[in-house]
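Source file: my_file27.json; contents: JSON, C-alpha atoms and all ligand atoms.
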```
[["chain", "number", "residue", "atom", "x", "y", "z"],
["A", 1, "MET", "CA", 34.18, -2.88, -0.18],
["A", 2, "ARG", "CA", 33.43, -4.69, 3.09],
["A", 3, "CYS", "CA", 30.06, -4.55, 4.85],
["A", 4, "THR", "CA", 30.12, -1.84, 7.55],
["A", 5, "ILE", "CA", 27.91, -3.96, 9.84],
["A", 6, "CYS", "CA", 29.59, -7.38, 9.89],
["A", 7, "GLY", "CA", 32.96, -6.28, 8.47],
["A", 8, "ARG", "CA", 33.31, -9.71, 6.86],
["A", 9, "ARG", "CA", 31.29, -9.99, 3.68],
["A", 10, "GLU", "CA", 31.40, -7.96, 0.49],
["A", 11, "ALA", "CA", 28.96, -5.01, 0.45],
["A", 12, "ILE", "CA", 26.30, -5.07, -2.27],
["A", 13, "TYR", "CA", 24.54, -1.80, -1.45],
["A", 14, "THR", "CA", 25.46, 1.60, -0.08],
["A", 15, "ARG", "CA", 22.80, 3.48, 1.79],
["A", 16, "ALA", "CA", 23.74, 7.07, 1.01],
["A", 17, "TYR", "CA", 21.41, 8.58, 3.64],
["A", 18, "SER", "CA", 23.05, 6.65, 6.47],
["A", 19, "GLY", "CA", 26.53, 6.07, 5.08],
["A", 20, "GLU", "CA", 26.32, 2.28, 5.61],
["A", 21, "SER", "CA", 27.52, -0.24, 3.05],
["A", 22, "LEU", "CA", 25.76, -3.55, 3.50],
["A", 23, "CYS", "CA", 26.30, -7.17, 2.49],
["A", 24, "GLU", "CA", 23.30, -9.15, 1.30],
["A", 25, "SER", "CA", 22.63, -10.76, 4.66],
["A", 26, "CYS", "CA", 23.00, -7.54, 6.70],
["A", 27, "PHE", "CA", 20.89, -5.66, 4.13],
["A", 28, "LYS", "CA", 18.02, -8.14, 4.46],
["A", 29, "LYS", "CA", 18.21, -8.01, 8.25],
["A", 30, "SER", "CA", 18.23, -4.22, 8.14],
["A", 31, "ILE", "CA", 14.99, -4.18, 6.15],
["A", 32, "ILE", "CA", 13.28, -6.45, 8.67],
["A", 33, "ARG", "CA", 14.60, -4.17, 11.43],
["A", 34, "LYS", "CA", 13.30, -1.05, 9.67],
["A", 35, "VAL", "CA", 9.84, -2.58, 9.26],
["A", 36, "LYS", "CA", 9.78, -3.76, 12.88],
["A", 37, "ALA", "CA", 10.83, -0.30, 14.04],
["A", 38, "ALA", "CA", 8.02, 1.36, 12.04],
["A", 39, "ILE", "CA", 5.48, -1.19, 13.35],
["A", 40, "SER", "CA", 6.39, -0.42, 16.96],
["A", 41, "LYS", "CA", 6.90, 3.34, 16.48],
["A", 42, "TYR", "CA", 3.40, 3.77, 15.03],
["A", 43, "ARG", "CA", 1.85, 0.99, 17.17],
["A", 44, "MET", "CA", 0.50, -0.76, 14.10],
["A", 45, "PHE", "CA", -0.48, -4.08, 15.69],
["A", 46, "GLU", "CA", -1.57, -5.82, 18.86],
["A", 47, "TYR", "CA", 0.37, -9.00, 19.68],
["A", 48, "ASP", "CA", -2.65, -11.18, 18.79],
["A", 49, "ASP", "CA", -3.94, -9.37, 15.69],
["A", 50, "ARG", "CA", -5.14, -11.30, 12.69],
["A", 51, "ILE", "CA", -3.50, -9.36, 9.87],
["A", 52, "ALA", "CA", -4.70, -9.34, 6.27],
["A", 53, "VAL", "CA", -1.87, -8.45, 3.89],
["A", 54, "ALA", "CA", -3.21, -6.84, 0.71],
["A", 55, "VAL", "CA", -1.24, -8.59, -2.02],
["A", 56, "SER", "CA", -1.59, -7.37, -5.60],
["A", 57, "GLY", "CA", 1.29, -9.44, -6.95],
["A", 58, "GLY", "CA", 3.62, -6.47, -7.50],
["A", 59, "LYS", "CA", 7.07, -6.20, -5.89],
["A", 60, "ASP", "CA", 5.99, -4.11, -2.90],
["A", 61, "SER", "CA", 3.05, -6.21, -1.81],
["A", 62, "VAL", "CA", 4.73, -9.57, -2.39],
["A", 63, "SER", "CA", 7.81, -8.37, -0.49],
["A", 64, "LEU", "CA", 5.57, -7.12, 2.32],
["A", 65, "LEU", "CA", 4.00, -10.56, 2.57],
["A", 66, "HIS", "CA", 7.43, -12.25, 2.83],
["A", 67, "ILE", "CA", 8.59, -9.68, 5.42],
["A", 68, "MET", "CA", 5.41, -10.06, 7.50],
["A", 69, "VAL", "CA", 5.81, -13.84, 7.49],
["A", 70, "GLU", "CA", 9.36, -13.36, 8.81],
["A", 71, "ILE", "CA", 8.27, -10.94, 11.56],
["A", 72, "GLU", "CA", 5.16, -12.92, 12.53],
["A", 73, "LYS", "CA", 7.36, -15.87, 13.56],
["A", 74, "GLU", "CA", 8.17, -13.91, 16.72],
["A", 75, "PHE", "CA", 4.48, -13.39, 17.54],
["A", 76, "PRO", "CA", 2.89, -16.82, 17.94],
["A", 77, "LYS", "CA", -0.54, -15.37, 18.82],
["A", 78, "ALA", "CA", -0.73, -13.21, 15.69],
["A", 79, "GLY", "CA", -2.13, -14.56, 12.43],
["A", 80, "LEU", "CA", -1.62, -13.74, 8.76],
["A", 81, "VAL", "CA", -3.87, -14.06, 5.76],
["A", 82, "ALA", "CA", -3.32, -12.70, 2.25],
["A", 83, "ILE", "CA", -6.10, -10.90, 0.39],
["A", 84, "THR", "CA", -6.22, -10.01, -3.31],
["A", 85, "VAL", "CA", -8.74, -8.02, -5.31],
["A", 86, "ASP", "CA", -9.30, -9.14, -8.88],
["A", 87, "GLU", "CA", -10.39, -5.98, -10.67],
["A", 88, "GLY", "CA", -10.76, -7.88, -13.91],
["A", 89, "ILE", "CA", -8.02, -6.46, -16.15],
["A", 90, "LYS", "CA", -7.29, -8.89, -18.95],
["A", 91, "GLY", "CA", -3.65, -9.77, -19.50],
["A", 92, "TYR", "CA", -2.62, -7.94, -16.34],
["A", 93, "ARG", "CA", -4.47, -8.83, -13.17],
["A", 94, "ASP", "CA", -5.00, -12.48, -14.15],
["A", 95, "GLU", "CA", -1.23, -12.99, -14.26],
["A", 96, "ALA", "CA", -0.71, -11.07, -11.02],
["A", 97, "MET", "CA", -3.35, -13.27, -9.32],
["A", 98, "LYS", "CA", -1.32, -16.35, -10.21],
["A", 99, "ILE", "CA", 1.88, -14.82, -8.86],
["A", 100, "ALA", "CA", 0.15, -13.75, -5.65],
["A", 101, "SER", "CA", -1.31, -17.20, -5.09],
["A", 102, "LYS", "CA", 2.02, -18.91, -5.89],
["A", 103, "ASN", "CA", 3.77, -16.81, -3.24],
["A", 104, "CYS", "CA", 1.06, -17.64, -0.70],
["A", 105, "GLN", "CA", 1.44, -21.34, -1.41],
["A", 106, "GLN", "CA", 5.22, -21.16, -0.98],
["A", 107, "LEU", "CA", 4.81, -19.38, 2.34],
["A", 108, "GLY", "CA", 1.89, -21.51, 3.53],
["A", 109, "ILE", "CA", -0.39, -18.49, 3.88],
["A", 110, "GLU", "CA", -4.15, -18.67, 3.39],
["A", 111, "HIS", "CA", -5.19, -16.60, 0.36],
["A", 112, "LEU", "CA", -8.63, -15.03, -0.08],
["A", 113, "THR", "CA", -9.73, -13.23, -3.23],
["A", 114, "ILE", "CA", -12.70, -11.15, -4.34],
["A", 115, "SER", "CA", -13.51, -9.78, -7.79],
["A", 116, "PHE", "CA", -15.12, -6.59, -9.04],
["A", 117, "GLU", "CA", -17.41, -8.82, -11.09],
["A", 118, "GLU", "CA", -18.67, -10.62, -7.99],
["A", 119, "LEU", "CA", -19.06, -7.36, -6.02],
["A", 120, "TYR", "CA", -20.23, -4.86, -8.62],
["A", 121, "GLY", "CA", -21.45, -7.09, -11.45],
["A", 122, "TYR", "CA", -18.76, -5.96, -13.91],
["A", 123, "THR", "CA", -15.03, -6.34, -14.45],
["A", 124, "LEU", "CA", -12.88, -3.20, -14.55],
["A", 125, "ASP", "CA", -12.43, -3.73, -18.30],
["A", 126, "GLU", "CA", -16.22, -3.62, -18.69],
["A", 127, "ILE", "CA", -16.55, -0.57, -16.41],
["A", 128, "VAL", "CA", -13.93, 1.25, -18.51],
["A", 129, "ASP", "CA", -16.14, 0.61, -21.54],
["A", 130, "ILE", "CA", -19.30, 1.73, -19.75],
["A", 131, "SER", "CA", -17.64, 4.91, -18.44],
["A", 132, "ARG", "CA", -16.37, 6.22, -21.79],
["A", 133, "ASP", "CA", -18.71, 9.23, -21.85],
["A", 134, "THR", "CA", -18.67, 10.07, -18.14],
["A", 135, "GLY", "CA", -15.29, 11.81, -18.12],
["A", 136, "LEU", "CA", -14.20, 9.59, -15.24],
["A", 137, "THR", "CA", -10.72, 8.10, -15.42],
["A", 138, "PRO", "CA", -10.09, 4.42, -14.63],
["A", 139, "CYS", "CA", -7.73, 5.17, -11.70],
["A", 140, "ALA", "CA", -10.30, 7.47, -10.08],
["A", 141, "TYR", "CA", -13.02, 4.84, -9.78],
["A", 142, "CYS", "CA", -10.80, 1.77, -9.58],
["A", 143, "GLY", "CA", -9.21, 3.21, -6.42],
["A", 144, "VAL", "CA", -12.58, 3.79, -4.75],
["A", 145, "LEU", "CA", -13.97, 0.40, -5.78],
["A", 146, "ARG", "CA", -10.80, -1.41, -4.75],
["A", 147, "ARG", "CA", -10.75, 0.18, -1.29],
["A", 148, "ARG", "CA", -14.30, -1.02, -0.75],
["A", 149, "ALA", "CA", -13.41, -4.50, -2.01],
["A", 150, "ILE", "CA", -10.40, -4.73, 0.30],
["A", 151, "ASN", "CA", -12.52, -3.71, 3.27],
["A", 152, "ILE", "CA", -15.18, -6.32, 2.52],
["A", 153, "LEU", "CA", -12.57, -9.01, 1.94],
["A", 154, "ALA", "CA", -10.74, -8.08, 5.16],
["A", 155, "ARG", "CA", -13.99, -8.50, 7.10],
["A", 156, "ARG", "CA", -14.57, -11.86, 5.42],
["A", 157, "ALA", "CA", -11.06, -12.84, 6.49],
["A", 158, "LYS", "CA", -12.00, -11.79, 10.06],
["A", 159, "ALA", "CA", -8.95, -9.56, 10.04],
["A", 160, "ASP", "CA", -8.26, -6.97, 12.73],
["A", 161, "LYS", "CA", -5.97, -4.95, 10.45],
["A", 162, "VAL", "CA", -5.16, -4.66, 6.77],
["A", 163, "ALA", "CA", -1.50, -4.16, 5.92],
["A", 164, "THR", "CA", -0.88, -2.37, 2.62],
["A", 165, "ALA", "CA", 2.47, -2.08, 0.86],
["A", 166, "HIS", "CA", 2.86, 1.71, 0.56],
["A", 167, "ASN", "CA", 6.58, 2.45, 0.75],
["A", 168, "LEU", "CA", 8.45, 5.65, 1.67],
["A", 169, "ASP", "CA", 8.44, 6.89, -1.93],
["A", 170, "ASP", "CA", 4.68, 6.35, -2.31],
["A", 171, "GLU", "CA", 4.02, 8.34, 0.86],
["A", 172, "VAL", "CA", 6.36, 11.21, -0.05],
["A", 173, "GLN", "CA", 4.98, 11.40, -3.61],
["A", 174, "THR", "CA", 1.44, 11.62, -2.22],
["A", 175, "ILE", "CA", 2.45, 14.41, 0.17],
["A", 176, "ILE", "CA", 3.92, 16.45, -2.72],
["A", 177, "LEU", "CA", 0.95, 15.61, -5.00],
["A", 178, "ASN", "CA", -1.46, 16.97, -2.40],
["A", 179, "MET", "CA", 0.53, 20.21, -2.19],
["A", 180, "ILE", "CA", 0.58, 20.58, -5.96],
["A", 181, "ARG", "CA", -3.13, 19.87, -6.31],
["A", 182, "GLY", "CA", -3.97, 22.51, -3.74],
["A", 183, "GLU", "CA", -5.18, 20.04, -1.13],
["A", 184, "PRO", "CA", -2.66, 20.45, 1.69],
["A", 185, "LEU", "CA", -5.21, 19.43, 4.33],
["A", 186, "ARG", "CA", -5.27, 15.94, 2.82],
["A", 187, "ILE", "CA", -1.68, 15.51, 4.00],
["A", 188, "GLY", "CA", -3.21, 14.93, 7.44],
["A", 189, "ARG", "CA", -4.81, 11.77, 6.08],
["A", 190, "ILE", "CA", -1.52, 10.23, 4.93],
["A", 191, "LYS", "CA", -0.94, 8.16, 8.02],
["A", 192, "PRO", "CA", 0.90, 4.93, 8.82],
["A", 193, "VAL", "CA", -2.22, 3.81, 10.73],
["A", 194, "SER", "CA", -5.69, 4.82, 9.55],
["A", 195, "ALA", "CA", -8.38, 6.07, 11.91],
["A", 196, "SER", "CA", -10.81, 3.37, 13.02],
["A", 197, "TYR", "CA", -14.54, 3.50, 12.38],
["A", 198, "GLY", "CA", -17.21, 0.86, 12.78],
["A", 199, "GLY", "CA", -17.32, -1.35, 9.70],
["A", 200, "PHE", "CA", -13.90, -0.19, 8.51],
["A", 201, "VAL", "CA", -10.97, -2.51, 9.04],
["A", 202, "GLN", "CA", -8.04, -0.35, 10.11],
["A", 203, "ARG", "CA", -5.23, -0.03, 7.57],
["A", 204, "VAL", "CA", -1.54, 0.05, 8.39],
["A", 205, "LYS", "CA", 1.55, 0.59, 6.22],
["A", 206, "PRO", "CA", 4.50, -1.39, 7.56],
["A", 207, "LEU", "CA", 6.77, -0.39, 4.62],
["A", 208, "CYS", "CA", 6.18, 3.36, 5.02],
["A", 209, "GLU", "CA", 9.77, 3.96, 6.11],
["A", 210, "VAL", "CA", 11.43, 1.75, 3.48],
["A", 211, "PRO", "CA", 12.57, 3.46, 0.27],
["A", 212, "GLU", "CA", 11.19, 1.94, -2.91],
["A", 213, "ARG", "CA", 14.59, 0.93, -4.28],
["A", 214, "GLU", "CA", 15.31, -0.98, -1.05],
["A", 215, "VAL", "CA", 12.03, -2.87, -1.35],
["A", 216, "ALA", "CA", 13.03, -3.74, -4.92],
["A", 217, "LEU", "CA", 16.50, -4.83, -3.81],
["A", 218, "TYR", "CA", 14.98, -6.92, -1.00],
["A", 219, "ALA", "CA", 12.74, -8.71, -3.52],
["A", 220, "TYR", "CA", 15.68, -9.22, -5.86],
["A", 221, "VAL", "CA", 18.17, -10.63, -3.33],
["A", 222, "SER", "CA", 15.47, -12.79, -1.77],
["A", 223, "GLY", "CA", 14.57, -14.31, -5.13],
["A", 224, "ILE", "CA", 10.94, -13.25, -4.70],
["A", 225, "GLU", "CA", 8.74, -13.68, -7.76],
["A", 226, "PHE", "CA", 6.53, -10.69, -8.58],
["A", 227, "GLN", "CA", 4.76, -9.05, -11.48],
["A", 228, "ASP", "CA", 6.60, -6.06, -12.87],
["A", 229, "ILE", "CA", 4.52, -4.88, -15.79],
["A", 230, "PRO", "CA", 2.55, -1.70, -15.09],
["A", 231, "CYS", "CA", -1.24, -1.62, -15.10],
["A", 232, "PRO", "CA", -2.48, -0.82, -18.63],
["A", 233, "TYR", "CA", -4.82, 1.84, -17.23],
["A", 234, "ALA", "CA", -2.24, 3.57, -15.04],
["A", 235, "GLU", "CA", -2.22, 7.33, -15.61],
["A", 236, "THR", "CA", 0.73, 8.31, -13.54],
["A", 237, "ALA", "CA", 1.97, 11.29, -15.53],
["A", 238, "LEU", "CA", 2.23, 13.76, -12.65],
["A", 239, "ARG", "CA", 3.15, 11.17, -10.04],
["A", 240, "ASN", "CA", 5.90, 9.91, -12.33],
["A", 241, "ASP", "CA", 7.35, 13.39, -12.74],
["A", 242, "ILE", "CA", 7.35, 13.81, -8.97],
["A", 243, "ARG", "CA", 8.99, 10.41, -8.55],
["A", 244, "ASN", "CA", 11.78, 11.41, -10.93],
["A", 245, "ILE", "CA", 12.31, 14.79, -9.28],
["A", 246, "LEU", "CA", 12.41, 13.21, -5.80],
["A", 247, "ASN", "CA", 14.88, 10.59, -6.97],
["A", 248, "ARG", "CA", 17.17, 13.26, -8.41],
["A", 249, "LEU", "CA", 16.92, 15.28, -5.20],
["A", 250, "GLU", "CA", 17.60, 12.19, -3.09],
["A", 251, "GLU", "CA", 20.73, 11.47, -5.11],
["A", 252, "LYS", "CA", 22.08, 14.98, -4.55],
["A", 253, "HIS", "CA", 20.83, 15.33, -0.99],
["A", 254, "PRO", "CA", 20.56, 11.89, 0.61],
["A", 255, "GLY", "CA", 17.82, 11.68, 3.24],
["A", 256, "ILE", "CA", 15.52, 14.23, 1.64],
["A", 257, "LYS", "CA", 12.62, 11.77, 1.32],
["A", 258, "TYR", "CA", 12.75, 11.03, 5.05],
["A", 259, "ALA", "CA", 12.91, 14.78, 5.70],
["A", 260, "ILE", "CA", 9.68, 15.34, 3.72],
["A", 261, "LEU", "CA", 7.96, 12.48, 5.55],
["A", 262, "ARG", "CA", 9.04, 13.94, 8.92],
["A", 263, "SER", "CA", 7.74, 17.38, 7.92],
["A", 264, "ALA", "CA", 4.34, 15.89, 7.10],
["A", 265, "GLU", "CA", 4.39, 14.08, 10.45],
["A", 266, "ARG", "CA", 5.02, 17.37, 12.26],
["A", 267, "LEU", "CA", 2.13, 18.99, 10.37],
["A", 268, "ARG", "CA", -0.32, 16.18, 11.09],
["A", 269, "PRO", "CA", -1.38, 17.16, 14.63],
["A", 270, "TYR", "CA", -2.41, 20.62, 13.34],
["A", 271, "LEU", "CA", -4.23, 19.20, 10.34],
["A", 272, "GLU", "CA", -6.05, 16.67, 12.51],
["A", 273, "LYS", "CA", -7.66, 19.53, 14.42],
["A", 274, "ALA", "CA", -9.89, 19.95, 11.35],
["A", 275, "PRO", "CA", -13.45, 18.82, 12.24],
["A", 276, "GLU", "CA", -13.86, 15.05, 12.33],
["A", 277, "VAL", "CA", -16.14, 13.63, 9.68],
["A", 278, "GLU", "CA", -19.33, 11.99, 10.88],
["A", 279, "MET", "CA", -19.51, 8.35, 9.82],
["A", 280, "GLY", "CA", -22.86, 6.77, 9.05],
["A", 281, "ILE", "CA", -24.24, 3.93, 6.97],
["A", 282, "CYS", "CA", -24.88, 4.13, 3.22],
["A", 283, "LYS", "CA", -28.61, 3.87, 2.55],
["A", 284, "ILE", "CA", -27.97, 1.82, -0.58],
["A", 285, "CYS", "CA", -25.35, -0.76, 0.33],
["A", 286, "GLY", "CA", -25.21, -0.55, 4.12],
["A", 287, "GLU", "CA", -21.45, -0.05, 4.16],
["A", 288, "PRO", "CA", -19.83, 2.69, 6.30],
["A", 289, "SER", "CA", -20.19, 6.10, 4.65],
["A", 290, "VAL", "CA", -19.50, 9.76, 5.25],
["A", 291, "GLY", "CA", -22.75, 10.96, 3.63],
["A", 292, "GLU", "CA", -26.12, 9.33, 3.00],
["A", 293, "ILE", "CA", -24.72, 7.53, -0.04],
["A", 294, "CYS", "CA", -21.19, 6.15, 0.07],
["A", 295, "GLN", "CA", -18.51, 7.07, -2.47],
["A", 296, "PRO", "CA", -18.54, 3.69, -4.27],
["A", 297, "CYS", "CA", -22.34, 3.81, -4.64],
["A", 298, "GLN", "CA", -22.18, 7.41, -5.91],
["A", 299, "LEU", "CA", -19.73, 6.20, -8.54],
["A", 300, "LEU", "CA", -21.85, 3.21, -9.51],
["A", 301, "ILE", "CA", -24.86, 5.53, -9.89],
["A", 302, "LYS", "CA", -22.85, 7.91, -12.07],
["A", 303, "LEU", "CA", -21.76, 4.97, -14.21],
["A", 304, "GLY", "CA", -25.38, 3.82, -14.50],
["A", 305, "ILE", "CA", -24.53, 0.46, -12.91],
["A", 306, "ILE", "CA", -26.96, 0.88, -9.99],
["A", 307, "GLU", "CA", -29.95, 3.13, -9.44],
["A", 308, "ASN", "CA", -30.37, 5.76, -6.76],
["B", 401, "ZN", "ZN", 27.29, -7.73, 6.58],
["B", 402, "ZN", "ZN", -23.09, 2.40, -0.66]]
```
What is this file in structure tokens?
Amino acid sequence: MRCTICGRREAIYTRAYSGESLCESCFKKSIIRKVKAAISKYRMFEYDDRIAVAVSGGKDSVSLLHIMVEIEKEFPKAGLVAITVDEGIKGYRDEAMKIASKNCQQLGIEHLTISFEELYGYTLDEIVDISRDTGLTPCAYCGVLRRRAINILARRAKADKVATAHNLDDEVQTIILNMIRGEPLRIGRIKPVSASYGGFVQRVKPLCEVPEREVALYAYVSGIEFQDIPCPYAETALRNDIRNILNRLEEKHPGIKYAILRSAERLRPYLEKAPEVEMGICKICGEPSVGEICQPCQLLIKLGIIEN
């Protein structure tokens, strides 16, 4: 089959939701176009932003870095830096760190890293040991501690924005997860551009309109090296079920993931009318916080790592 865009080359991929069949070159260009369209639709950046790309070493974040490098060429006043958090997961994160840094070297991008050990005094492996009797799950606290680490690293990098690699599937799964868990109001927080508060570096999601399989195909046809083993602590049971259901639905009814994303977008203005949270400063660490003690510090207290 010929490519429906150029009509010359052989198509390698059919996009069921749009009916296009694309050759490798037109496919890659279409991904860049999709990302650029999302960036301008949601006003993610200023022309002179210094952008920190959060790179874990997985396919989404490494692809995002390559795509941002491509797009940044058109914005000479903008700057890029890659940031990586080393949670300290033996046999997993250490390898991903190498892959992340190798990609940065290839692309000539400055790469800053920070570790849980340096920030909190312990690696994630050690925290998992410490937390055995607390009933807390690794993903629950790793997420909170990593968000904090990314924010601190982004400030160190003097970044105006942090770009994270959440793709369309991630966003749609989170929307459904919030419905299932009885927290529909949280759907209002799933945004392509986060709210901005003092001390918080704003987060943006340039891949939010790119389906996961297209990110994977982009990485594959571009010969991008990434880590593809899952985190040993990942507990994705419910999210995985939702992923499978959504993929089956998408196959039968192409475009359904975009439809769910659009529904959440239409809901957002109503959900945002909920009272704004008051941001203050954590009395322990001095980082931005909703209450007197920030979420990461509350966790560290619960784990017995710091004292109240
Ligand atoms: Zn083509
Ligand atoms: Zn704190």
Residues at most 12 Å from segment 256-266 of chain A, counting all atoms listed in the file, excluding those fewer than 6 positions away in the same chain, as a PDB file with C-alpha atoms, in the coordinates of the input?
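Below is the file that was written, around_11.pdb:
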```pdb
ATOM      1  CA  ALA A  16      23.740   7.070   1.010  1.00  0.00           C
ATOM      2  CA  TYR A  17      21.410   8.580   3.640  1.00  0.00           C
ATOM      3  CA  SER A  18      23.050   6.650   6.470  1.00  0.00           C
ATOM      4  CA  TYR A  42       3.400   3.770  15.030  1.00  0.00           C
ATOM      5  CA  ASN A 167       6.580   2.450   0.750  1.00  0.00           C
ATOM      6  CA  LEU A 168       8.450   5.650   1.670  1.00  0.00           C
ATOM      7  CA  ASP A 169       8.440   6.890  -1.930  1.00  0.00           C
ATOM      8  CA  ASP A 170       4.680   6.350  -2.310  1.00  0.00           C
ATOM      9  CA  GLU A 171       4.020   8.340   0.860  1.00  0.00           C
ATOM     10  CA  VAL A 172       6.360  11.210  -0.050  1.00  0.00           C
ATOM     11  CA  GLN A 173       4.980  11.400  -3.610  1.00  0.00           C
ATOM     12  CA  THR A 174       1.440  11.620  -2.220  1.00  0.00           C
ATOM     13  CA  ILE A 175       2.450  14.410   0.170  1.00  0.00           C
ATOM     14  CA  ILE A 176       3.920  16.450  -2.720  1.00  0.00           C
ATOM     15  CA  ASN A 178      -1.460  16.970  -2.400  1.00  0.00           C
ATOM     16  CA  MET A 179       0.530  20.210  -2.190  1.00  0.00           C
ATOM     17  CA  PRO A 184      -2.660  20.450   1.690  1.00  0.00           C
ATOM     18  CA  LEU A 185      -5.210  19.430   4.330  1.00  0.00           C
ATOM     19  CA  ARG A 186      -5.270  15.940   2.820  1.00  0.00           C
ATOM     20  CA  ILE A 187      -1.680  15.510   4.000  1.00  0.00           C
ATOM     21  CA  GLY A 188      -3.210  14.930   7.440  1.00  0.00           C
ATOM     22  CA  ARG A 189      -4.810  11.770   6.080  1.00  0.00           C
ATOM     23  CA  ILE A 190      -1.520  10.230   4.930  1.00  0.00           C
ATOM     24  CA  LYS A 191      -0.940   8.160   8.020  1.00  0.00           C
ATOM     25  CA  PRO A 192       0.900   4.930   8.820  1.00  0.00           C
ATOM     26  CA  CYS A 208       6.180   3.360   5.020  1.00  0.00           C
ATOM     27  CA  GLU A 209       9.770   3.960   6.110  1.00  0.00           C
ATOM     28  CA  VAL A 210      11.430   1.750   3.480  1.00  0.00           C
ATOM     29  CA  PRO A 211      12.570   3.460   0.270  1.00  0.00           C
ATOM     30  CA  GLU A 212      11.190   1.940  -2.910  1.00  0.00           C
ATOM     31  CA  ILE A 242       7.350  13.810  -8.970  1.00  0.00           C
ATOM     32  CA  ARG A 243       8.990  10.410  -8.550  1.00  0.00           C
ATOM     33  CA  ILE A 245      12.310  14.790  -9.280  1.00  0.00           C
ATOM     34  CA  LEU A 246      12.410  13.210  -5.800  1.00  0.00           C
ATOM     35  CA  ASN A 247      14.880  10.590  -6.970  1.00  0.00           C
ATOM     36  CA  ARG A 248      17.170  13.260  -8.410  1.00  0.00           C
ATOM     37  CA  LEU A 249      16.920  15.280  -5.200  1.00  0.00           C
ATOM     38  CA  GLU A 250      17.600  12.190  -3.090  1.00  0.00           C
ATOM     39  CA  GLU A 272      -6.050  16.670  12.510  1.00  0.00           C
TER      40      GLU A 272
END
```
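Using all atoms listed in the file, the smallest distance between any of A:Ile152, A:Ile109, A:Cys285, A:Ala219 and Phe27 of chain A comes from A:Ala219.
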List every residue of segment 196-242 of chain A that has an atom at most 10 Å from any atom of segment 67-79 of chain A, giving for each one its closest atom pair and the distance in Å to one decimal, counting only C-alpha atoms, sorted by chain and then by ascending residue number, as a tab-separated table.
```
residue	atom	partner	partner_atom	distance
A:Pro206	CA	A:Met68	CA	8.7
A:Leu207	CA	A:Ile67	CA	9.5
A:Tyr218	CA	A:Ile67	CA	9.5
A:Ala219	CA	A:Ile67	CA	9.9
```
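Ranking A:Leu217, A:Leu300, A:Ile83, A:Ile293 by their shortest atom-to-atom distance to Ala52 of chain A, with only C-alpha atoms included, puts A:Ile83 first.
Restricting the calculation to only C-alpha atoms, the smallest distance between Ile89 of chain A and any of A:Gly182, A:Pro232, A:Gly58, A:Gly7 is found for A:Pro232.
Distance check against ligand ZN 402 (chain B) using all atoms listed in the file: of A:Ala82, A:Gly108, A:Glu225, A:Ile281, the minimum falls on A:Ile281.
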Mind listing the residues within 6 Å of ligand ZN 401 (chain B), only C-alpha atoms and all ligand atoms counted, as number ranges by chain? A: 3, 5-6, 9, 22-23, 25-26
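Atom to atom, atom CA of Pro230 of chain A and atom CA of Leu64 of chain A stand 18.5 Å apart.
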Mind listing the residues within 9 Å of ligand ZN 402 (chain B), all atoms listed in the file counted, as a list in words? Ile281, Cys282, Lys283, Ile284, Cys285, Gly286, Glu287, Pro288, Ser289, Glu292, Ile293, Cys294, Gln295, Pro296, Cys297, Gln298 and Leu300 of chain A
Would you kindly return, as a PyMOL selection string, each protein, DNA or RNA residue with an atom no farther than 8 Å from any atom of Val204 of chain A, considering only C-alpha atoms and excluding same-chain residues fewer than 6 positions away? chain A and resi 44+161-164+192-194
Export segment 163-169 of chain A from the structure block above, keeping N, CA, C and O atoms, as a PDB file, in the first residue's frame.
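After the write, selection27.pdb holds the following:
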```pdb
ATOM      1  N   ALA A 163       8.969  19.309  30.971  1.00  0.00           N
ATOM      2  CA  ALA A 163       8.165  18.525  30.037  1.00  0.00           C
ATOM      3  C   ALA A 163       8.232  17.061  30.445  1.00  0.00           C
ATOM      4  O   ALA A 163       9.318  16.501  30.597  1.00  0.00           O
ATOM      5  N   THR A 164       7.060  16.454  30.679  1.00  0.00           N
ATOM      6  CA  THR A 164       7.022  15.025  31.020  1.00  0.00           C
ATOM      7  C   THR A 164       6.396  14.266  29.847  1.00  0.00           C
ATOM      8  O   THR A 164       5.710  14.842  29.011  1.00  0.00           O
ATOM      9  N   ALA A 165       6.642  12.943  29.826  1.00  0.00           N
ATOM     10  CA  ALA A 165       6.336  12.170  28.622  1.00  0.00           C
ATOM     11  C   ALA A 165       4.984  11.455  28.651  1.00  0.00           C
ATOM     12  O   ALA A 165       4.794  10.480  27.943  1.00  0.00           O
ATOM     13  N   HIS A 166       4.037  11.953  29.443  1.00  0.00           N
ATOM     14  CA  HIS A 166       2.720  11.297  29.458  1.00  0.00           C
ATOM     15  C   HIS A 166       2.109  11.316  28.056  1.00  0.00           C
ATOM     16  O   HIS A 166       2.003  12.376  27.445  1.00  0.00           O
ATOM     17  N   ASN A 167       1.717  10.134  27.584  1.00  0.00           N
ATOM     18  CA  ASN A 167       1.112  10.066  26.247  1.00  0.00           C
ATOM     19  C   ASN A 167      -0.411   9.981  26.362  1.00  0.00           C
ATOM     20  O   ASN A 167      -0.967   9.971  27.465  1.00  0.00           O
ATOM     21  N   LEU A 168      -1.082   9.902  25.205  1.00  0.00           N
ATOM     22  CA  LEU A 168      -2.552   9.863  25.190  1.00  0.00           C
ATOM     23  C   LEU A 168      -3.088   8.726  26.052  1.00  0.00           C
ATOM     24  O   LEU A 168      -4.035   8.903  26.827  1.00  0.00           O
ATOM     25  N   ASP A 169      -2.473   7.550  25.921  1.00  0.00           N
ATOM     26  CA  ASP A 169      -2.964   6.388  26.674  1.00  0.00           C
ATOM     27  C   ASP A 169      -2.834   6.608  28.181  1.00  0.00           C
ATOM     28  O   ASP A 169      -3.747   6.281  28.934  1.00  0.00           O
TER      29      ASP A 169
END
```
